[in-house]
Amino acid sequence: MEIAVWTLTVLLTLAGLVGTIMPLLPGTTLILIGMLVHKLLLPADLSWMTFAWITFFWVLSIVVDFVGVLIGTRLFGGTKWGMAGASGGAFVGMFISLPALLLGTMLGAAAAEKVIAKKTHGESLRAAIGAATGFLLSTVARAACAVVMVLIFALAVAA
């Protein structure tokens with residue numbers, strides 16, 4: 001049983017690490033699920049306080065992921081329409097590939113700024129660059145949260 005739990009924990013964690021940068025895989029959520037299963041089936045390996053810290057970094061990764069593109073678009077002069085377009089473009093792109101996700105984010109922001117907000121080409125382009133910058137920064141932050149979650153788990157079970 002212990003080998004099966006460890007195997008499941010490792011597989012979910014590895015899939016989660018891949019999922020932090022690949023579309024359609026809920027990266028940090030897979031890591032959290034793996035560690036929750038581990039806690040429930042092998043309770044002596046992980047304290048609830050340690051699991052709470054892992055959960056904190058999971059919540060942080062969700063917030064960073066959601067807010068990153070929106071803030072990036074806004075900081076580069078985008079409006080609420082650019083933020084909505086970036087979100088819509090990211091949603092469409094995530095079903096295709098990582099480059100399509102980034103391109104969808106940019107095109108969605110630019111199109112919404114140009115068509116709905118009636119911005120100039122330059123202003124639309126700046127919003128698109130902001131959306132892409134926010135997406136890239138949120139991806140890095142999400143990956144950092146995933147690594148911290150894994151490190152907390154590893155340090156806890158090694159102790």
# chains A, B, ... in the order shown; residues from 1 in each chain; ligands from 1

call {"tool": "residues_around", "arguments": {"residues": "A:Ile96", "least_positions_apart": "6", "cutoff": "12 Å", "atoms": "only C-alpha atoms", "output": "PyMOL selection string"}}
result
chain A and resi 22-24+89-90+102-104

call {"tool": "select_by_dssp", "arguments": {"residues": "stretch 30-121 of chain A", "states": "helix (DSSP H, G or I)", "output": "PDB file with N, CA and C atoms, in the first residue's frame"}}
result
ATOM      1  N   LEU A  30      -3.024  19.510  -9.260  1.00  0.00           N
ATOM      2  CA  LEU A  30      -2.603  18.103  -9.261  1.00  0.00           C
ATOM      3  C   LEU A  30      -1.605  17.828  -8.136  1.00  0.00           C
ATOM      4  N   ILE A  31      -0.700  18.776  -7.929  1.00  0.00           N
ATOM      5  CA  ILE A  31       0.268  18.626  -6.844  1.00  0.00           C
ATOM      6  C   ILE A  31      -0.463  18.582  -5.504  1.00  0.00           C
ATOM      7  N   LEU A  32      -1.391  19.496  -5.308  1.00  0.00           N
ATOM      8  CA  LEU A  32      -2.155  19.535  -4.056  1.00  0.00           C
ATOM      9  C   LEU A  32      -2.937  18.244  -3.846  1.00  0.00           C
ATOM     10  N   ILE A  33      -3.584  17.748  -4.881  1.00  0.00           N
ATOM     11  CA  ILE A  33      -4.349  16.497  -4.773  1.00  0.00           C
ATOM     12  C   ILE A  33      -3.426  15.334  -4.397  1.00  0.00           C
ATOM     13  N   GLY A  34      -2.267  15.267  -5.047  1.00  0.00           N
ATOM     14  CA  GLY A  34      -1.313  14.204  -4.730  1.00  0.00           C
ATOM     15  C   GLY A  34      -0.882  14.241  -3.275  1.00  0.00           C
ATOM     16  N   MET A  35      -0.647  15.439  -2.783  1.00  0.00           N
ATOM     17  CA  MET A  35      -0.194  15.568  -1.397  1.00  0.00           C
ATOM     18  C   MET A  35      -1.326  15.344  -0.401  1.00  0.00           C
ATOM     19  N   LEU A  36      -2.550  15.694  -0.789  1.00  0.00           N
ATOM     20  CA  LEU A  36      -3.704  15.415   0.066  1.00  0.00           C
ATOM     21  C   LEU A  36      -3.947  13.905   0.168  1.00  0.00           C
ATOM     22  N   VAL A  37      -3.883  13.225  -0.968  1.00  0.00           N
ATOM     23  CA  VAL A  37      -4.032  11.761  -0.970  1.00  0.00           C
ATOM     24  C   VAL A  37      -2.957  11.142  -0.081  1.00  0.00           C
ATOM     25  N   HIS A  38      -1.729  11.648  -0.222  1.00  0.00           N
ATOM     26  CA  HIS A  38      -0.626  11.138   0.602  1.00  0.00           C
ATOM     27  C   HIS A  38      -0.925  11.371   2.082  1.00  0.00           C
ATOM     28  N   LYS A  39      -1.387  12.559   2.434  1.00  0.00           N
ATOM     29  CA  LYS A  39      -1.687  12.881   3.833  1.00  0.00           C
ATOM     30  C   LYS A  39      -2.793  11.980   4.381  1.00  0.00           C
ATOM     31  N   LEU A  40      -3.812  11.753   3.574  1.00  0.00           N
ATOM     32  CA  LEU A  40      -4.939  10.953   4.051  1.00  0.00           C
ATOM     33  C   LEU A  40      -4.592   9.467   4.183  1.00  0.00           C
ATOM     34  N   LEU A  41      -3.758   8.956   3.287  1.00  0.00           N
ATOM     35  CA  LEU A  41      -3.434   7.526   3.303  1.00  0.00           C
ATOM     36  C   LEU A  41      -2.197   7.175   4.125  1.00  0.00           C
ATOM     37  N   PRO A  43      -0.865   9.259   6.976  1.00  0.00           N
ATOM     38  CA  PRO A  43      -0.951  10.480   7.792  1.00  0.00           C
ATOM     39  C   PRO A  43       0.294  10.807   8.606  1.00  0.00           C
ATOM     40  N   ALA A  44       1.100   9.833   8.919  1.00  0.00           N
ATOM     41  CA  ALA A  44       2.287  10.089   9.743  1.00  0.00           C
ATOM     42  C   ALA A  44       3.377  10.839   8.970  1.00  0.00           C
ATOM     43  N   ASP A  45       3.323  10.795   7.636  1.00  0.00           N
ATOM     44  CA  ASP A  45       4.371  11.423   6.823  1.00  0.00           C
ATOM     45  C   ASP A  45       4.274  12.942   6.761  1.00  0.00           C
ATOM     46  N   TRP A  48      -0.745  18.311   9.437  1.00  0.00           N
ATOM     47  CA  TRP A  48      -1.772  19.182   8.872  1.00  0.00           C
ATOM     48  C   TRP A  48      -1.245  20.605   8.708  1.00  0.00           C
ATOM     49  N   MET A  49      -0.346  21.030   9.578  1.00  0.00           N
ATOM     50  CA  MET A  49       0.249  22.369   9.450  1.00  0.00           C
ATOM     51  C   MET A  49       1.070  22.457   8.165  1.00  0.00           C
ATOM     52  N   THR A  50       1.832  21.431   7.876  1.00  0.00           N
ATOM     53  CA  THR A  50       2.610  21.398   6.644  1.00  0.00           C
ATOM     54  C   THR A  50       1.671  21.405   5.444  1.00  0.00           C
ATOM     55  N   PHE A  51       0.602  20.623   5.521  1.00  0.00           N
ATOM     56  CA  PHE A  51      -0.363  20.609   4.427  1.00  0.00           C
ATOM     57  C   PHE A  51      -1.025  21.977   4.268  1.00  0.00           C
ATOM     58  N   ALA A  52      -1.246  22.680   5.372  1.00  0.00           N
ATOM     59  CA  ALA A  52      -1.817  24.032   5.294  1.00  0.00           C
ATOM     60  C   ALA A  52      -0.884  24.973   4.541  1.00  0.00           C
ATOM     61  N   TRP A  53       0.416  24.857   4.762  1.00  0.00           N
ATOM     62  CA  TRP A  53       1.385  25.695   4.031  1.00  0.00           C
ATOM     63  C   TRP A  53       1.384  25.344   2.544  1.00  0.00           C
ATOM     64  N   ILE A  54       1.304  24.077   2.246  1.00  0.00           N
ATOM     65  CA  ILE A  54       1.228  23.651   0.843  1.00  0.00           C
ATOM     66  C   ILE A  54      -0.036  24.235   0.203  1.00  0.00           C
ATOM     67  N   THR A  55      -1.142  24.188   0.932  1.00  0.00           N
ATOM     68  CA  THR A  55      -2.401  24.731   0.441  1.00  0.00           C
ATOM     69  C   THR A  55      -2.306  26.249   0.251  1.00  0.00           C
ATOM     70  N   PHE A  56      -1.610  26.931   1.155  1.00  0.00           N
ATOM     71  CA  PHE A  56      -1.406  28.376   1.005  1.00  0.00           C
ATOM     72  C   PHE A  56      -0.727  28.691  -0.324  1.00  0.00           C
ATOM     73  N   PHE A  57       0.324  27.951  -0.667  1.00  0.00           N
ATOM     74  CA  PHE A  57       1.022  28.210  -1.925  1.00  0.00           C
ATOM     75  C   PHE A  57       0.180  27.804  -3.133  1.00  0.00           C
ATOM     76  N   TRP A  58      -0.714  26.824  -2.954  1.00  0.00           N
ATOM     77  CA  TRP A  58      -1.658  26.492  -4.024  1.00  0.00           C
ATOM     78  C   TRP A  58      -2.611  27.665  -4.276  1.00  0.00           C
ATOM     79  N   VAL A  59      -3.170  28.215  -3.197  1.00  0.00           N
ATOM     80  CA  VAL A  59      -4.074  29.373  -3.331  1.00  0.00           C
ATOM     81  C   VAL A  59      -3.335  30.540  -3.975  1.00  0.00           C
ATOM     82  N   LEU A  60      -2.119  30.785  -3.534  1.00  0.00           N
ATOM     83  CA  LEU A  60      -1.309  31.858  -4.120  1.00  0.00           C
ATOM     84  C   LEU A  60      -1.103  31.641  -5.617  1.00  0.00           C
ATOM     85  N   SER A  61      -0.860  30.405  -6.020  1.00  0.00           N
ATOM     86  CA  SER A  61      -0.653  30.117  -7.449  1.00  0.00           C
ATOM     87  C   SER A  61      -1.920  30.390  -8.260  1.00  0.00           C
ATOM     88  N   ILE A  62      -3.078  30.108  -7.686  1.00  0.00           N
ATOM     89  CA  ILE A  62      -4.349  30.364  -8.370  1.00  0.00           C
ATOM     90  C   ILE A  62      -4.562  31.868  -8.526  1.00  0.00           C
ATOM     91  N   VAL A  63      -4.310  32.607  -7.464  1.00  0.00           N
ATOM     92  CA  VAL A  63      -4.476  34.061  -7.501  1.00  0.00           C
ATOM     93  C   VAL A  63      -3.519  34.680  -8.521  1.00  0.00           C
ATOM     94  N   VAL A  64      -2.261  34.279  -8.472  1.00  0.00           N
ATOM     95  CA  VAL A  64      -1.260  34.806  -9.401  1.00  0.00           C
ATOM     96  C   VAL A  64      -1.645  34.484 -10.842  1.00  0.00           C
ATOM     97  N   ASP A  65      -2.119  33.286 -11.064  1.00  0.00           N
ATOM     98  CA  ASP A  65      -2.506  32.870 -12.406  1.00  0.00           C
ATOM     99  C   ASP A  65      -3.668  33.707 -12.933  1.00  0.00           C
ATOM    100  N   PHE A  66      -4.645  33.937 -12.096  1.00  0.00           N
ATOM    101  CA  PHE A  66      -5.835  34.676 -12.499  1.00  0.00           C
ATOM    102  C   PHE A  66      -5.545  36.162 -12.707  1.00  0.00           C
ATOM    103  N   VAL A  67      -4.762  36.735 -11.818  1.00  0.00           N
ATOM    104  CA  VAL A  67      -4.553  38.174 -11.810  1.00  0.00           C
ATOM    105  C   VAL A  67      -3.419  38.622 -12.740  1.00  0.00           C
ATOM    106  N   GLY A  68      -2.465  37.755 -13.026  1.00  0.00           N
ATOM    107  CA  GLY A  68      -1.281  38.141 -13.795  1.00  0.00           C
ATOM    108  C   GLY A  68      -1.580  38.807 -15.131  1.00  0.00           C
ATOM    109  N   VAL A  69      -2.386  38.168 -15.942  1.00  0.00           N
ATOM    110  CA  VAL A  69      -2.705  38.718 -17.267  1.00  0.00           C
ATOM    111  C   VAL A  69      -3.501  40.008 -17.133  1.00  0.00           C
ATOM    112  N   LEU A  70      -4.413  40.034 -16.186  1.00  0.00           N
ATOM    113  CA  LEU A  70      -5.242  41.225 -16.014  1.00  0.00           C
ATOM    114  C   LEU A  70      -4.406  42.435 -15.599  1.00  0.00           C
ATOM    115  N   ILE A  71      -3.503  42.229 -14.661  1.00  0.00           N
ATOM    116  CA  ILE A  71      -2.644  43.324 -14.210  1.00  0.00           C
ATOM    117  C   ILE A  71      -1.681  43.734 -15.321  1.00  0.00           C
ATOM    118  N   GLY A  72      -1.095  42.754 -16.004  1.00  0.00           N
ATOM    119  CA  GLY A  72      -0.188  43.075 -17.108  1.00  0.00           C
ATOM    120  C   GLY A  72      -0.864  43.906 -18.171  1.00  0.00           C
ATOM    121  N   THR A  73      -2.066  43.534 -18.538  1.00  0.00           N
ATOM    122  CA  THR A  73      -2.811  44.294 -19.545  1.00  0.00           C
ATOM    123  C   THR A  73      -3.072  45.707 -19.046  1.00  0.00           C
ATOM    124  N   ARG A  74      -3.498  45.820 -17.808  1.00  0.00           N
ATOM    125  CA  ARG A  74      -3.840  47.132 -17.239  1.00  0.00           C
ATOM    126  C   ARG A  74      -2.609  48.027 -17.107  1.00  0.00           C
ATOM    127  N   LEU A  75      -1.480  47.476 -16.674  1.00  0.00           N
ATOM    128  CA  LEU A  75      -0.267  48.279 -16.498  1.00  0.00           C
ATOM    129  C   LEU A  75       0.271  48.819 -17.820  1.00  0.00           C
ATOM    130  N   LYS A  80     -10.700  47.518 -19.465  1.00  0.00           N
ATOM    131  CA  LYS A  80     -11.408  46.298 -19.056  1.00  0.00           C
ATOM    132  C   LYS A  80     -11.692  45.422 -20.270  1.00  0.00           C
ATOM    133  N   TRP A  81     -11.846  46.037 -21.434  1.00  0.00           N
ATOM    134  CA  TRP A  81     -12.096  45.260 -22.656  1.00  0.00           C
ATOM    135  C   TRP A  81     -10.857  44.474 -23.055  1.00  0.00           C
ATOM    136  N   GLY A  82      -9.704  45.091 -22.905  1.00  0.00           N
ATOM    137  CA  GLY A  82      -8.459  44.381 -23.201  1.00  0.00           C
ATOM    138  C   GLY A  82      -8.240  43.214 -22.258  1.00  0.00           C
ATOM    139  N   MET A  83      -8.581  43.423 -20.982  1.00  0.00           N
ATOM    140  CA  MET A  83      -8.451  42.342 -19.998  1.00  0.00           C
ATOM    141  C   MET A  83      -9.417  41.202 -20.333  1.00  0.00           C
ATOM    142  N   ALA A  84     -10.639  41.563 -20.706  1.00  0.00           N
ATOM    143  CA  ALA A  84     -11.620  40.531 -21.084  1.00  0.00           C
ATOM    144  C   ALA A  84     -11.172  39.810 -22.353  1.00  0.00           C
ATOM    145  N   GLY A  85     -10.667  40.559 -23.326  1.00  0.00           N
ATOM    146  CA  GLY A  85     -10.181  39.947 -24.567  1.00  0.00           C
ATOM    147  C   GLY A  85      -8.999  39.032 -24.323  1.00  0.00           C
ATOM    148  N   ALA A  86      -8.091  39.449 -23.440  1.00  0.00           N
ATOM    149  CA  ALA A  86      -6.932  38.619 -23.102  1.00  0.00           C
ATOM    150  C   ALA A  86      -7.384  37.313 -22.458  1.00  0.00           C
ATOM    151  N   SER A  87      -8.347  37.398 -21.560  1.00  0.00           N
ATOM    152  CA  SER A  87      -8.859  36.195 -20.899  1.00  0.00           C
ATOM    153  C   SER A  87      -9.532  35.267 -21.904  1.00  0.00           C
ATOM    154  N   GLY A  88     -10.339  35.840 -22.782  1.00  0.00           N
ATOM    155  CA  GLY A  88     -11.015  35.030 -23.808  1.00  0.00           C
ATOM    156  C   GLY A  88     -10.035  34.388 -24.765  1.00  0.00           C
ATOM    157  N   GLY A  89      -9.031  35.156 -25.198  1.00  0.00           N
ATOM    158  CA  GLY A  89      -8.013  34.611 -26.097  1.00  0.00           C
ATOM    159  C   GLY A  89      -7.199  33.512 -25.438  1.00  0.00           C
ATOM    160  N   ALA A  90      -6.898  33.695 -24.155  1.00  0.00           N
ATOM    161  CA  ALA A  90      -6.163  32.659 -23.415  1.00  0.00           C
ATOM    162  C   ALA A  90      -7.001  31.394 -23.303  1.00  0.00           C
ATOM    163  N   PHE A  91      -8.292  31.564 -23.060  1.00  0.00           N
ATOM    164  CA  PHE A  91      -9.177  30.414 -22.942  1.00  0.00           C
ATOM    165  C   PHE A  91      -9.198  29.599 -24.233  1.00  0.00           C
ATOM    166  N   VAL A  92      -9.297  30.279 -25.361  1.00  0.00           N
ATOM    167  CA  VAL A  92      -9.303  29.580 -26.652  1.00  0.00           C
ATOM    168  C   VAL A  92      -7.944  28.935 -26.912  1.00  0.00           C
ATOM    169  N   GLY A  93      -6.864  29.668 -26.657  1.00  0.00           N
ATOM    170  CA  GLY A  93      -5.519  29.165 -26.932  1.00  0.00           C
ATOM    171  C   GLY A  93      -5.105  27.988 -26.083  1.00  0.00           C
ATOM    172  N   LEU A  98       0.844  25.716 -25.881  1.00  0.00           N
ATOM    173  CA  LEU A  98       1.402  26.810 -25.091  1.00  0.00           C
ATOM    174  C   LEU A  98       1.627  28.056 -25.953  1.00  0.00           C
ATOM    175  N   PRO A  99       2.226  27.935 -27.152  1.00  0.00           N
ATOM    176  CA  PRO A  99       2.362  29.136 -27.990  1.00  0.00           C
ATOM    177  C   PRO A  99       1.004  29.737 -28.376  1.00  0.00           C
ATOM    178  N   ALA A 100       0.020  28.889 -28.643  1.00  0.00           N
ATOM    179  CA  ALA A 100      -1.313  29.390 -28.983  1.00  0.00           C
ATOM    180  C   ALA A 100      -1.951  30.093 -27.787  1.00  0.00           C
ATOM    181  N   LEU A 101      -1.655  29.620 -26.597  1.00  0.00           N
ATOM    182  CA  LEU A 101      -2.163  30.255 -25.389  1.00  0.00           C
ATOM    183  C   LEU A 101      -1.614  31.675 -25.272  1.00  0.00           C
ATOM    184  N   LEU A 102      -0.325  31.830 -25.480  1.00  0.00           N
ATOM    185  CA  LEU A 102       0.307  33.148 -25.428  1.00  0.00           C
ATOM    186  C   LEU A 102      -0.197  34.035 -26.562  1.00  0.00           C
ATOM    187  N   LEU A 103      -0.258  33.485 -27.759  1.00  0.00           N
ATOM    188  CA  LEU A 103      -0.731  34.248 -28.912  1.00  0.00           C
ATOM    189  C   LEU A 103      -2.207  34.614 -28.752  1.00  0.00           C
ATOM    190  N   GLY A 104      -3.013  33.696 -28.262  1.00  0.00           N
ATOM    191  CA  GLY A 104      -4.426  33.975 -28.024  1.00  0.00           C
ATOM    192  C   GLY A 104      -4.627  35.094 -27.013  1.00  0.00           C
ATOM    193  N   THR A 105      -3.792  35.091 -25.980  1.00  0.00           N
ATOM    194  CA  THR A 105      -3.840  36.151 -24.971  1.00  0.00           C
ATOM    195  C   THR A 105      -3.569  37.501 -25.614  1.00  0.00           C
ATOM    196  N   MET A 106      -2.527  37.543 -26.436  1.00  0.00           N
ATOM    197  CA  MET A 106      -2.153  38.799 -27.091  1.00  0.00           C
ATOM    198  C   MET A 106      -3.216  39.246 -28.098  1.00  0.00           C
ATOM    199  N   LEU A 107      -3.642  38.332 -28.949  1.00  0.00           N
ATOM    200  CA  LEU A 107      -4.628  38.684 -29.973  1.00  0.00           C
ATOM    201  C   LEU A 107      -5.964  39.082 -29.362  1.00  0.00           C
ATOM    202  N   GLY A 108      -6.363  38.385 -28.318  1.00  0.00           N
ATOM    203  CA  GLY A 108      -7.616  38.727 -27.641  1.00  0.00           C
ATOM    204  C   GLY A 108      -7.579  40.126 -27.068  1.00  0.00           C
ATOM    205  N   ALA A 109      -6.468  40.465 -26.406  1.00  0.00           N
ATOM    206  CA  ALA A 109      -6.331  41.810 -25.826  1.00  0.00           C
ATOM    207  C   ALA A 109      -6.310  42.862 -26.925  1.00  0.00           C
ATOM    208  N   ALA A 110      -5.524  42.633 -27.963  1.00  0.00           N
ATOM    209  CA  ALA A 110      -5.410  43.615 -29.050  1.00  0.00           C
ATOM    210  C   ALA A 110      -6.738  43.803 -29.776  1.00  0.00           C
ATOM    211  N   ALA A 111      -7.408  42.711 -30.069  1.00  0.00           N
ATOM    212  CA  ALA A 111      -8.683  42.796 -30.797  1.00  0.00           C
ATOM    213  C   ALA A 111      -9.739  43.526 -29.975  1.00  0.00           C
ATOM    214  N   ALA A 112      -9.829  43.202 -28.703  1.00  0.00           N
ATOM    215  CA  ALA A 112     -10.828  43.856 -27.855  1.00  0.00           C
ATOM    216  C   ALA A 112     -10.532  45.349 -27.716  1.00  0.00           C
ATOM    217  N   GLU A 113      -9.266  45.686 -27.550  1.00  0.00           N
ATOM    218  CA  GLU A 113      -8.898  47.102 -27.442  1.00  0.00           C
ATOM    219  C   GLU A 113      -9.213  47.848 -28.731  1.00  0.00           C
ATOM    220  N   LYS A 114      -8.922  47.246 -29.846  1.00  0.00           N
ATOM    221  CA  LYS A 114      -9.121  47.899 -31.150  1.00  0.00           C
ATOM    222  C   LYS A 114     -10.601  48.003 -31.506  1.00  0.00           C
ATOM    223  N   VAL A 115     -11.317  46.900 -31.400  1.00  0.00           N
ATOM    224  CA  VAL A 115     -12.694  46.851 -31.886  1.00  0.00           C
ATOM    225  C   VAL A 115     -13.684  47.436 -30.876  1.00  0.00           C
ATOM    226  N   ILE A 116     -13.576  47.032 -29.630  1.00  0.00           N
ATOM    227  CA  ILE A 116     -14.588  47.441 -28.649  1.00  0.00           C
ATOM    228  C   ILE A 116     -14.224  48.769 -27.984  1.00  0.00           C
ATOM    229  N   HIS A 121      -3.900  51.544 -33.077  1.00  0.00           N
ATOM    230  CA  HIS A 121      -3.073  50.343 -33.254  1.00  0.00           C
ATOM    231  C   HIS A 121      -1.997  50.261 -32.181  1.00  0.00           C
TER     232      HIS A 121
END

call {"tool": "residues_around", "arguments": {"residues": "stretch 14-21 of chain A", "least_positions_apart": "5", "cutoff": "8 Å", "atoms": "only C-alpha atoms", "output": "ChimeraX atom specification"}}
result
/A:26-31,98,139,142-143,146-147

call {"tool": "atom_distance", "arguments": {"atom1": "atom CA of A:Ala144", "atom2": "atom CA of A:Ala127"}}
result
25.4 Å

call {"tool": "atom_distance", "arguments": {"atom1": "atom CA of A:Thr13", "atom2": "atom CA of A:Val150"}}
result
7.6 Å

call {"tool": "decode", "arguments": {"residues": "stretch 12-108 of chain A", "atoms": "C-alpha atoms", "output": "JSON list (two decimals), in the first residue's frame"}}
result
[["chain", "number", "residue", "atom", "x", "y", "z"],
["A", 12, "LEU", "CA", 0.53, 13.49, -9.56],
["A", 13, "THR", "CA", 3.38, 15.78, -8.49],
["A", 14, "LEU", "CA", 5.28, 15.26, -11.75],
["A", 15, "ALA", "CA", 2.12, 15.80, -13.80],
["A", 16, "GLY", "CA", 1.47, 18.93, -11.75],
["A", 17, "LEU", "CA", 4.95, 20.30, -12.38],
["A", 18, "VAL", "CA", 4.44, 19.79, -16.11],
["A", 19, "GLY", "CA", 0.98, 21.32, -15.81],
["A", 20, "THR", "CA", 2.33, 24.57, -14.41],
["A", 21, "ILE", "CA", 3.56, 25.45, -17.90],
["A", 22, "MET", "CA", 1.38, 23.32, -20.18],
["A", 23, "PRO", "CA", -2.19, 24.15, -21.08],
["A", 24, "LEU", "CA", -5.09, 21.93, -19.98],
["A", 25, "LEU", "CA", -3.28, 20.46, -16.98],
["A", 26, "PRO", "CA", -4.22, 21.99, -13.62],
["A", 27, "GLY", "CA", -0.61, 22.05, -12.40],
["A", 28, "THR", "CA", -0.60, 23.10, -8.79],
["A", 29, "THR", "CA", -4.01, 21.50, -8.25],
["A", 30, "LEU", "CA", -2.60, 18.10, -9.26],
["A", 31, "ILE", "CA", 0.27, 18.63, -6.84],
["A", 32, "LEU", "CA", -2.15, 19.53, -4.06],
["A", 33, "ILE", "CA", -4.35, 16.50, -4.77],
["A", 34, "GLY", "CA", -1.31, 14.20, -4.73],
["A", 35, "MET", "CA", -0.19, 15.57, -1.40],
["A", 36, "LEU", "CA", -3.70, 15.42, 0.07],
["A", 37, "VAL", "CA", -4.03, 11.76, -0.97],
["A", 38, "HIS", "CA", -0.63, 11.14, 0.60],
["A", 39, "LYS", "CA", -1.69, 12.88, 3.83],
["A", 40, "LEU", "CA", -4.94, 10.95, 4.05],
["A", 41, "LEU", "CA", -3.43, 7.53, 3.30],
["A", 42, "LEU", "CA", -0.10, 7.94, 5.08],
["A", 43, "PRO", "CA", -0.95, 10.48, 7.79],
["A", 44, "ALA", "CA", 2.29, 10.09, 9.74],
["A", 45, "ASP", "CA", 4.37, 11.42, 6.82],
["A", 46, "LEU", "CA", 2.85, 14.91, 6.74],
["A", 47, "SER", "CA", 1.38, 17.16, 9.43],
["A", 48, "TRP", "CA", -1.77, 19.18, 8.87],
["A", 49, "MET", "CA", 0.25, 22.37, 9.45],
["A", 50, "THR", "CA", 2.61, 21.40, 6.64],
["A", 51, "PHE", "CA", -0.36, 20.61, 4.43],
["A", 52, "ALA", "CA", -1.82, 24.03, 5.29],
["A", 53, "TRP", "CA", 1.38, 25.70, 4.03],
["A", 54, "ILE", "CA", 1.23, 23.65, 0.84],
["A", 55, "THR", "CA", -2.40, 24.73, 0.44],
["A", 56, "PHE", "CA", -1.41, 28.38, 1.00],
["A", 57, "PHE", "CA", 1.02, 28.21, -1.92],
["A", 58, "TRP", "CA", -1.66, 26.49, -4.02],
["A", 59, "VAL", "CA", -4.07, 29.37, -3.33],
["A", 60, "LEU", "CA", -1.31, 31.86, -4.12],
["A", 61, "SER", "CA", -0.65, 30.12, -7.45],
["A", 62, "ILE", "CA", -4.35, 30.36, -8.37],
["A", 63, "VAL", "CA", -4.48, 34.06, -7.50],
["A", 64, "VAL", "CA", -1.26, 34.81, -9.40],
["A", 65, "ASP", "CA", -2.51, 32.87, -12.41],
["A", 66, "PHE", "CA", -5.84, 34.68, -12.50],
["A", 67, "VAL", "CA", -4.55, 38.17, -11.81],
["A", 68, "GLY", "CA", -1.28, 38.14, -13.79],
["A", 69, "VAL", "CA", -2.71, 38.72, -17.27],
["A", 70, "LEU", "CA", -5.24, 41.22, -16.01],
["A", 71, "ILE", "CA", -2.64, 43.32, -14.21],
["A", 72, "GLY", "CA", -0.19, 43.08, -17.11],
["A", 73, "THR", "CA", -2.81, 44.29, -19.54],
["A", 74, "ARG", "CA", -3.84, 47.13, -17.24],
["A", 75, "LEU", "CA", -0.27, 48.28, -16.50],
["A", 76, "PHE", "CA", 0.42, 48.59, -20.21],
["A", 77, "GLY", "CA", -2.62, 50.81, -20.70],
["A", 78, "GLY", "CA", -5.29, 48.25, -21.48],
["A", 79, "THR", "CA", -8.91, 48.74, -20.50],
["A", 80, "LYS", "CA", -11.41, 46.30, -19.06],
["A", 81, "TRP", "CA", -12.10, 45.26, -22.66],
["A", 82, "GLY", "CA", -8.46, 44.38, -23.20],
["A", 83, "MET", "CA", -8.45, 42.34, -20.00],
["A", 84, "ALA", "CA", -11.62, 40.53, -21.08],
["A", 85, "GLY", "CA", -10.18, 39.95, -24.57],
["A", 86, "ALA", "CA", -6.93, 38.62, -23.10],
["A", 87, "SER", "CA", -8.86, 36.20, -20.90],
["A", 88, "GLY", "CA", -11.01, 35.03, -23.81],
["A", 89, "GLY", "CA", -8.01, 34.61, -26.10],
["A", 90, "ALA", "CA", -6.16, 32.66, -23.42],
["A", 91, "PHE", "CA", -9.18, 30.41, -22.94],
["A", 92, "VAL", "CA", -9.30, 29.58, -26.65],
["A", 93, "GLY", "CA", -5.52, 29.17, -26.93],
["A", 94, "MET", "CA", -5.24, 26.80, -23.98],
["A", 95, "PHE", "CA", -6.99, 24.08, -25.95],
["A", 96, "ILE", "CA", -4.34, 24.20, -28.66],
["A", 97, "SER", "CA", -0.81, 24.65, -27.29],
["A", 98, "LEU", "CA", 1.40, 26.81, -25.09],
["A", 99, "PRO", "CA", 2.36, 29.14, -27.99],
["A", 100, "ALA", "CA", -1.31, 29.39, -28.98],
["A", 101, "LEU", "CA", -2.16, 30.26, -25.39],
["A", 102, "LEU", "CA", 0.31, 33.15, -25.43],
["A", 103, "LEU", "CA", -0.73, 34.25, -28.91],
["A", 104, "GLY", "CA", -4.43, 33.97, -28.02],
["A", 105, "THR", "CA", -3.84, 36.15, -24.97],
["A", 106, "MET", "CA", -2.15, 38.80, -27.09],
["A", 107, "LEU", "CA", -4.63, 38.68, -29.97],
["A", 108, "GLY", "CA", -7.62, 38.73, -27.64]]
